[in-house]
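Quick notes on the structure that follows.
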Amino acid sequence: MDNTNQRKALINSEIALFLRGLIIGKVLTLMVIGGLLWWLLKPNLSTRNSVNSSSAQNFNSVSNNTSNFQTVADVPPASFNYGGSTAWASIRQLVDSQIQSDRPELQLRYVNPVNASPGSSSGIRMLLDGKLDFAQSSRPLTDEEKAIAREQGFTLEQRQVGMDGIAVVVNPSLNVPGLTVEQLQQIYLGKITNWNQVGGPNLPITAFSQRPEDADTVIFPTNSDLKGQALGSNVQYVYSTTEAVRQLSKTPGGVYYASARSVVFQCSVKALPLGNTSGQLIPPYREPMVSPEQCPRQRNQLNSQAIKNGSYPMIANLFVIIKQNKGPEQQIGDAYANLLLTDQGQRAIEQAGFVGVR
């Protein structure tokens, strides 16, 4: 091989070595840079993993802290009789069916009174007589009911689980701005007998009511001087809210009071705003009011906020009435109230159209 060819071969060899060195150098440089980046990012990744882990723990903690029907202890596996307030009808249909679905070991059977209209009063009487294991009420216990229980060797407890308003409804054709609580009471005592006495037309008032001994809700508080007074001769007694609504739809001067949940949604009657004074009338429905012509395509909805914040003047608290006798009746009464007071129970009560207490 001549000198020229030897020189070319040497140059080519040097070029190859240079290129190989250049490539190896770049690879090493990339490895160093990659390692440096990994080292710098490692703490952030650890922190992020720590945050994600913490978030997961918090989520699990929140989930675990949410009470539901499955979390309630000491639910007796048996069949029990209960009854009482007609205002609770939607709770029995919606909430109690959920309870029995989630806790199939518990069976609840609603029992109607014999020779009496269903309601809070008749339900409490049946509990005192041993015909029910617990009762549902939309009014507080009376002193008389507490005394009867003591005579029988036990006490009654009222456990509040929800809230409702007491709504006043009239015939849709009646044009009256509303009533104060005092005016409503005077109507039922027979001292206001014509709608023109409260800003309405010259029309006699026909007041409908359940009999006081069967009443589901009360408009005379237990601490009122009016409690126990006889209702006026203008009052016509009805068996149930369903019957009262039917009578109102054909009685232009008719009026009736009941659980807001029972009557605010009805198409054939009109709910009136109520107030402690005539200048502070608050409707039991969310405004604007849905007219009878729009119903049933649209229905009035309960003014839950006014009931919850206490601005609505007539509230009916929902109670589970529990027989404190250290027996199975007390166990099921406690368990039922505890089920309704879970997060799941309170949501279901609100879905049924009432206001929760938690």
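We label chains A, B, ... in the order they appear in the structure tokens, count residues from 1 in each chain, and number ligands from 1 in the order shown.
The neighbours of Asp343 of chain A here are the residues that come within 7 Å of it, using only C-alpha atoms and leaving out any residue fewer than 5 positions away in the same chain; they are Thr66, Ser67 and Asn68 of chain A.
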Inset, instruction - Could you give me, as a ChimeraX atom specification, the residues within 12 Å of Glu329 of chain A, counting only C-alpha atoms and dropping anything in the same chain fewer than 6 positions from it? - result: /A:75-76,78-82,127-128,130-135,154-157,321-323,335-336
Write the residues you've just listed into a file as a compact mmCIF listing (two decimals), in the first residue's frame, and include N, CA, C and O atoms for each of them.
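The resulting file, out.txt, is reproduced below:
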# COMPACT_ATOMS: atom_id res chain seq x y z
N VAL A 75 -80.73 -3.14 65.39
CA VAL A 75 -82.02 -3.18 64.70
C VAL A 75 -82.60 -4.58 64.91
O VAL A 75 -82.02 -5.57 64.46
N PRO A 76 -83.72 -4.69 65.60
CA PRO A 76 -84.24 -6.03 65.93
C PRO A 76 -84.75 -6.76 64.70
O PRO A 76 -85.51 -6.19 63.90
N ALA A 78 -87.25 -8.65 63.42
CA ALA A 78 -88.61 -9.14 63.69
C ALA A 78 -89.61 -8.27 62.96
O ALA A 78 -89.24 -7.32 62.25
N SER A 79 -90.89 -8.58 63.13
CA SER A 79 -91.97 -7.82 62.52
C SER A 79 -92.63 -6.97 63.60
O SER A 79 -92.90 -7.45 64.71
N PHE A 80 -92.92 -5.69 63.27
CA PHE A 80 -93.48 -4.76 64.25
C PHE A 80 -94.64 -3.98 63.64
O PHE A 80 -94.64 -3.69 62.44
N ASN A 81 -95.59 -3.61 64.50
CA ASN A 81 -96.73 -2.80 64.09
C ASN A 81 -96.48 -1.34 64.43
O ASN A 81 -95.97 -1.02 65.51
N TYR A 82 -96.84 -0.46 63.51
CA TYR A 82 -96.73 0.97 63.77
C TYR A 82 -97.86 1.69 63.06
O TYR A 82 -98.58 1.12 62.24
N LEU A 127 -100.74 3.09 70.73
CA LEU A 127 -99.47 2.75 71.37
C LEU A 127 -99.69 2.55 72.87
O LEU A 127 -99.18 1.59 73.47
N LEU A 128 -100.45 3.44 73.49
CA LEU A 128 -100.75 3.31 74.92
C LEU A 128 -101.55 2.05 75.22
O LEU A 128 -101.40 1.44 76.28
N GLY A 130 -101.26 -0.75 73.67
CA GLY A 130 -100.50 -1.95 73.33
C GLY A 130 -100.78 -2.50 71.95
O GLY A 130 -100.39 -3.63 71.63
N LYS A 131 -101.45 -1.72 71.08
CA LYS A 131 -101.77 -2.19 69.73
C LYS A 131 -100.68 -1.83 68.71
O LYS A 131 -100.70 -2.32 67.58
N LEU A 132 -99.77 -0.93 69.09
CA LEU A 132 -98.65 -0.55 68.23
C LEU A 132 -97.35 -0.68 69.02
O LEU A 132 -97.34 -0.57 70.25
N ASP A 133 -96.27 -0.90 68.30
CA ASP A 133 -94.95 -0.97 68.94
C ASP A 133 -94.29 0.39 69.00
O ASP A 133 -93.45 0.63 69.87
N PHE A 134 -94.60 1.29 68.06
CA PHE A 134 -94.20 2.70 68.13
C PHE A 134 -95.17 3.48 67.26
O PHE A 134 -95.92 2.90 66.47
N ALA A 135 -95.18 4.79 67.43
CA ALA A 135 -96.12 5.63 66.69
C ALA A 135 -95.40 6.78 66.01
O ALA A 135 -94.33 7.21 66.44
N PHE A 154 -94.82 3.07 82.51
CA PHE A 154 -93.74 3.41 81.59
C PHE A 154 -93.86 4.88 81.22
O PHE A 154 -94.79 5.57 81.64
N THR A 155 -92.91 5.37 80.46
CA THR A 155 -92.98 6.75 79.97
C THR A 155 -92.95 6.73 78.45
O THR A 155 -92.58 5.73 77.83
N LEU A 156 -93.34 7.85 77.84
CA LEU A 156 -93.28 8.02 76.39
C LEU A 156 -92.22 9.05 76.05
O LEU A 156 -92.13 10.10 76.69
N GLU A 157 -91.42 8.74 75.05
CA GLU A 157 -90.41 9.69 74.55
C GLU A 157 -90.80 10.12 73.15
O GLU A 157 -91.24 9.30 72.34
N ILE A 321 -92.73 8.37 68.40
CA ILE A 321 -93.15 8.22 69.80
C ILE A 321 -92.73 6.82 70.26
O ILE A 321 -93.16 5.80 69.70
N ILE A 322 -91.88 6.79 71.29
CA ILE A 322 -91.23 5.55 71.73
C ILE A 322 -91.70 5.20 73.14
O ILE A 322 -91.69 6.04 74.04
N LYS A 323 -92.10 3.96 73.33
CA LYS A 323 -92.51 3.46 74.64
C LYS A 323 -91.25 3.06 75.41
O LYS A 323 -90.56 2.09 75.06
N ALA A 335 -84.50 2.10 67.39
CA ALA A 335 -83.86 1.74 66.12
C ALA A 335 -84.48 2.51 64.96
O ALA A 335 -83.77 3.02 64.09
N TYR A 336 -85.82 2.62 64.94
CA TYR A 336 -86.49 3.31 63.84
C TYR A 336 -86.10 4.79 63.83
O TYR A 336 -85.79 5.35 62.76
Inset, instruction - Record the distance separating atom CA of Gly123 of chain A and atom CA of Asp216 of chain A, expressed in Å with one decimal. - result: 9.5 Å
Legend entry - Distance criterion (only C-alpha atoms): nearest to Ser137 of chain A out of A:Asn175, A:Gln183, A:Ser262, A:Thr86: A:Thr86
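Every protein or nucleic acid residue with an atom no more than 12 Å from Gly310 of chain A, counting only C-alpha atoms and leaving out same-chain residues fewer than 5 positions away, appears here: Met163, Asp164, Gly165, Gly275, Asn276, Ile282, Pro284, Asn303, Ser304, Gln305, Ile315, Ala316, Asn317 and Val355 of chain A.
Note that atom CA of Thr193 of chain A and atom CA of Ile219 of chain A are 17.4 Å apart.
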Legend entry - Shell around Glu144 of chain A at 12 Å using only C-alpha atoms, local window under 5 positions removed, as a PyMOL selection string: chain A and resi 121+124-125+128+149-151+155-156+213+222+228
Give me a file of those residues, with all heavy atoms, as a PDB file, in the first residue's frame.
ATOM      1  N   SER A 121    -103.147  11.455  67.053  1.00  0.00           N
ATOM      2  CA  SER A 121    -103.829  11.152  68.311  1.00  0.00           C
ATOM      3  C   SER A 121    -104.216   9.682  68.404  1.00  0.00           C
ATOM      4  O   SER A 121    -103.975   9.020  69.426  1.00  0.00           O
ATOM      5  CB  SER A 121    -105.064  12.029  68.473  1.00  0.00           C
ATOM      6  OG  SER A 121    -104.700  13.399  68.528  1.00  0.00           O
ATOM      7  N   ILE A 124    -101.121   7.448  68.908  1.00  0.00           N
ATOM      8  CA  ILE A 124    -100.590   7.466  70.284  1.00  0.00           C
ATOM      9  C   ILE A 124    -101.502   6.665  71.209  1.00  0.00           C
ATOM     10  O   ILE A 124    -101.024   5.939  72.095  1.00  0.00           O
ATOM     11  CB  ILE A 124    -100.411   8.921  70.760  1.00  0.00           C
ATOM     12  CG1 ILE A 124     -99.332   9.617  69.914  1.00  0.00           C
ATOM     13  CG2 ILE A 124    -100.028   8.967  72.240  1.00  0.00           C
ATOM     14  CD1 ILE A 124     -99.243  11.117  70.119  1.00  0.00           C
ATOM     15  N   ARG A 125    -102.818   6.776  71.009  1.00  0.00           N
ATOM     16  CA  ARG A 125    -103.754   5.989  71.818  1.00  0.00           C
ATOM     17  C   ARG A 125    -103.519   4.492  71.612  1.00  0.00           C
ATOM     18  O   ARG A 125    -103.521   3.707  72.569  1.00  0.00           O
ATOM     19  CB  ARG A 125    -105.204   6.323  71.461  1.00  0.00           C
ATOM     20  CG  ARG A 125    -105.726   7.597  72.103  1.00  0.00           C
ATOM     21  CD  ARG A 125    -107.254   7.614  72.132  1.00  0.00           C
ATOM     22  NE  ARG A 125    -107.839   7.382  70.820  1.00  0.00           N
ATOM     23  CZ  ARG A 125    -108.064   8.340  69.926  1.00  0.00           C
ATOM     24  NH1 ARG A 125    -107.741   9.593  70.187  1.00  0.00           N
ATOM     25  NH2 ARG A 125    -108.621   8.052  68.770  1.00  0.00           N
ATOM     26  N   LEU A 128    -100.454   3.438  73.492  1.00  0.00           N
ATOM     27  CA  LEU A 128    -100.748   3.315  74.925  1.00  0.00           C
ATOM     28  C   LEU A 128    -101.549   2.046  75.218  1.00  0.00           C
ATOM     29  O   LEU A 128    -101.399   1.436  76.283  1.00  0.00           O
ATOM     30  CB  LEU A 128    -101.529   4.546  75.400  1.00  0.00           C
ATOM     31  CG  LEU A 128    -100.742   5.857  75.462  1.00  0.00           C
ATOM     32  CD1 LEU A 128    -101.684   7.042  75.655  1.00  0.00           C
ATOM     33  CD2 LEU A 128     -99.708   5.810  76.580  1.00  0.00           C
ATOM     34  N   ALA A 149     -99.453   7.106  80.317  1.00  0.00           N
ATOM     35  CA  ALA A 149     -98.295   6.214  80.232  1.00  0.00           C
ATOM     36  C   ALA A 149     -97.726   5.940  81.627  1.00  0.00           C
ATOM     37  O   ALA A 149     -97.421   4.786  81.979  1.00  0.00           O
ATOM     38  CB  ALA A 149     -97.225   6.827  79.330  1.00  0.00           C
ATOM     39  N   ARG A 150     -97.601   6.980  82.439  1.00  0.00           N
ATOM     40  CA  ARG A 150     -97.054   6.800  83.791  1.00  0.00           C
ATOM     41  C   ARG A 150     -97.949   5.884  84.627  1.00  0.00           C
ATOM     42  O   ARG A 150     -97.460   5.059  85.402  1.00  0.00           O
ATOM     43  CB  ARG A 150     -96.889   8.153  84.475  1.00  0.00           C
ATOM     44  CG  ARG A 150     -95.702   8.955  83.954  1.00  0.00           C
ATOM     45  CD  ARG A 150     -95.382  10.127  84.879  1.00  0.00           C
ATOM     46  NE  ARG A 150     -96.503  11.070  84.982  1.00  0.00           N
ATOM     47  CZ  ARG A 150     -96.663  12.122  84.187  1.00  0.00           C
ATOM     48  NH1 ARG A 150     -95.783  12.366  83.221  1.00  0.00           N
ATOM     49  NH2 ARG A 150     -97.698  12.937  84.355  1.00  0.00           N
ATOM     50  N   GLU A 151     -99.259   6.014  84.455  1.00  0.00           N
ATOM     51  CA  GLU A 151    -100.192   5.150  85.181  1.00  0.00           C
ATOM     52  C   GLU A 151     -99.997   3.681  84.810  1.00  0.00           C
ATOM     53  O   GLU A 151    -100.258   2.784  85.627  1.00  0.00           O
ATOM     54  CB  GLU A 151    -101.632   5.566  84.887  1.00  0.00           C
ATOM     55  CG  GLU A 151    -102.038   6.899  85.513  1.00  0.00           C
ATOM     56  CD  GLU A 151    -103.399   7.372  85.038  1.00  0.00           C
ATOM     57  OE1 GLU A 151    -104.030   6.618  84.251  1.00  0.00           O
ATOM     58  OE2 GLU A 151    -103.831   8.471  85.429  1.00  0.00           O
ATOM     59  N   THR A 155     -92.911   5.372  80.459  1.00  0.00           N
ATOM     60  CA  THR A 155     -92.976   6.751  79.966  1.00  0.00           C
ATOM     61  C   THR A 155     -92.945   6.733  78.446  1.00  0.00           C
ATOM     62  O   THR A 155     -92.583   5.729  77.826  1.00  0.00           O
ATOM     63  CB  THR A 155     -91.792   7.600  80.489  1.00  0.00           C
ATOM     64  OG1 THR A 155     -90.558   6.997  80.052  1.00  0.00           O
ATOM     65  CG2 THR A 155     -91.812   7.691  82.006  1.00  0.00           C
ATOM     66  N   LEU A 156     -93.338   7.850  77.844  1.00  0.00           N
ATOM     67  CA  LEU A 156     -93.284   8.019  76.390  1.00  0.00           C
ATOM     68  C   LEU A 156     -92.221   9.048  76.051  1.00  0.00           C
ATOM     69  O   LEU A 156     -92.133  10.100  76.690  1.00  0.00           O
ATOM     70  CB  LEU A 156     -94.637   8.484  75.840  1.00  0.00           C
ATOM     71  CG  LEU A 156     -95.799   7.499  75.907  1.00  0.00           C
ATOM     72  CD1 LEU A 156     -97.064   8.142  75.343  1.00  0.00           C
ATOM     73  CD2 LEU A 156     -95.481   6.208  75.164  1.00  0.00           C
ATOM     74  N   GLU A 213    -109.921  15.042  69.214  1.00  0.00           N
ATOM     75  CA  GLU A 213    -109.336  13.810  69.777  1.00  0.00           C
ATOM     76  C   GLU A 213    -108.625  12.968  68.728  1.00  0.00           C
ATOM     77  O   GLU A 213    -107.854  12.065  69.067  1.00  0.00           O
ATOM     78  CB  GLU A 213    -110.424  12.969  70.477  1.00  0.00           C
ATOM     79  CG  GLU A 213    -111.540  12.481  69.576  1.00  0.00           C
ATOM     80  CD  GLU A 213    -112.713  13.454  69.494  1.00  0.00           C
ATOM     81  OE1 GLU A 213    -112.531  14.651  69.794  1.00  0.00           O
ATOM     82  OE2 GLU A 213    -113.817  13.005  69.116  1.00  0.00           O
ATOM     83  N   THR A 222     -99.710  23.723  73.034  1.00  0.00           N
ATOM     84  CA  THR A 222     -99.985  23.189  74.363  1.00  0.00           C
ATOM     85  C   THR A 222     -99.798  24.237  75.458  1.00  0.00           C
ATOM     86  O   THR A 222    -100.382  24.131  76.526  1.00  0.00           O
ATOM     87  CB  THR A 222     -99.067  21.994  74.654  1.00  0.00           C
ATOM     88  OG1 THR A 222     -97.694  22.397  74.476  1.00  0.00           O
ATOM     89  CG2 THR A 222     -99.367  20.835  73.724  1.00  0.00           C
ATOM     90  N   GLY A 228    -107.680  23.591  74.548  1.00  0.00           N
ATOM     91  CA  GLY A 228    -108.772  22.942  75.261  1.00  0.00           C
ATOM     92  C   GLY A 228    -110.118  23.603  75.082  1.00  0.00           C
ATOM     93  O   GLY A 228    -111.145  23.052  75.511  1.00  0.00           O
TER      94      GLY A 228
END
Inset, instruction - Identify, on the basis of only C-alpha atoms, every residue whose closest approach to Val170 of chain A does not exceed 12 Å; exclude the query and any residue fewer than 5 positions from it along the same chain; express the result as a PyMOL selection string. - result: chain A and resi 175-179+195+200+205-208+244-258+263-264+266-273
Give me a file of those residues, with C-alpha atoms, as a short mmCIF file (atom, residue, chain, number, x, y, z; two decimals), in the first residue's frame.
data_model
loop_
_atom_site.label_atom_id
_atom_site.label_comp_id
_atom_site.auth_asym_id
_atom_site.auth_seq_id
_atom_site.Cartn_x
_atom_site.Cartn_y
_atom_site.Cartn_z
CA ASN A 175 -109.97 35.88 47.06
CA VAL A 176 -108.32 36.58 50.41
CA PRO A 177 -104.73 37.83 50.95
CA GLY A 178 -103.94 35.49 53.81
CA LEU A 179 -104.50 35.02 57.53
CA TRP A 195 -114.51 36.21 55.11
CA GLY A 200 -112.20 38.73 51.83
CA ILE A 205 -116.87 30.72 56.50
CA THR A 206 -117.25 26.95 56.61
CA ALA A 207 -114.40 25.57 58.71
CA PHE A 208 -113.47 21.90 58.26
CA ALA A 244 -111.58 17.75 53.62
CA VAL A 245 -109.93 18.53 50.29
CA ARG A 246 -112.87 17.00 48.46
CA GLN A 247 -115.31 19.12 50.49
CA LEU A 248 -113.27 22.31 49.95
CA SER A 249 -113.30 21.90 46.19
CA LYS A 250 -117.10 22.34 46.22
CA THR A 251 -117.45 24.79 49.14
CA PRO A 252 -116.58 28.40 48.10
CA GLY A 253 -116.25 29.58 51.72
CA GLY A 254 -114.49 26.51 53.06
CA VAL A 255 -111.19 26.45 54.99
CA TYR A 256 -109.05 23.62 56.40
CA TYR A 257 -105.63 23.25 58.01
CA ALA A 258 -103.31 20.26 57.73
CA VAL A 263 -102.05 19.87 50.88
CA VAL A 264 -99.58 22.31 49.25
CA GLN A 266 -102.94 19.58 45.71
CA CYS A 267 -104.56 21.01 42.56
CA SER A 268 -108.13 21.41 43.86
CA VAL A 269 -107.34 23.74 46.82
CA LYS A 270 -105.35 26.93 47.37
CA ALA A 271 -102.89 27.44 50.22
CA LEU A 272 -102.98 30.82 52.00
CA PRO A 273 -99.99 32.83 53.25
#
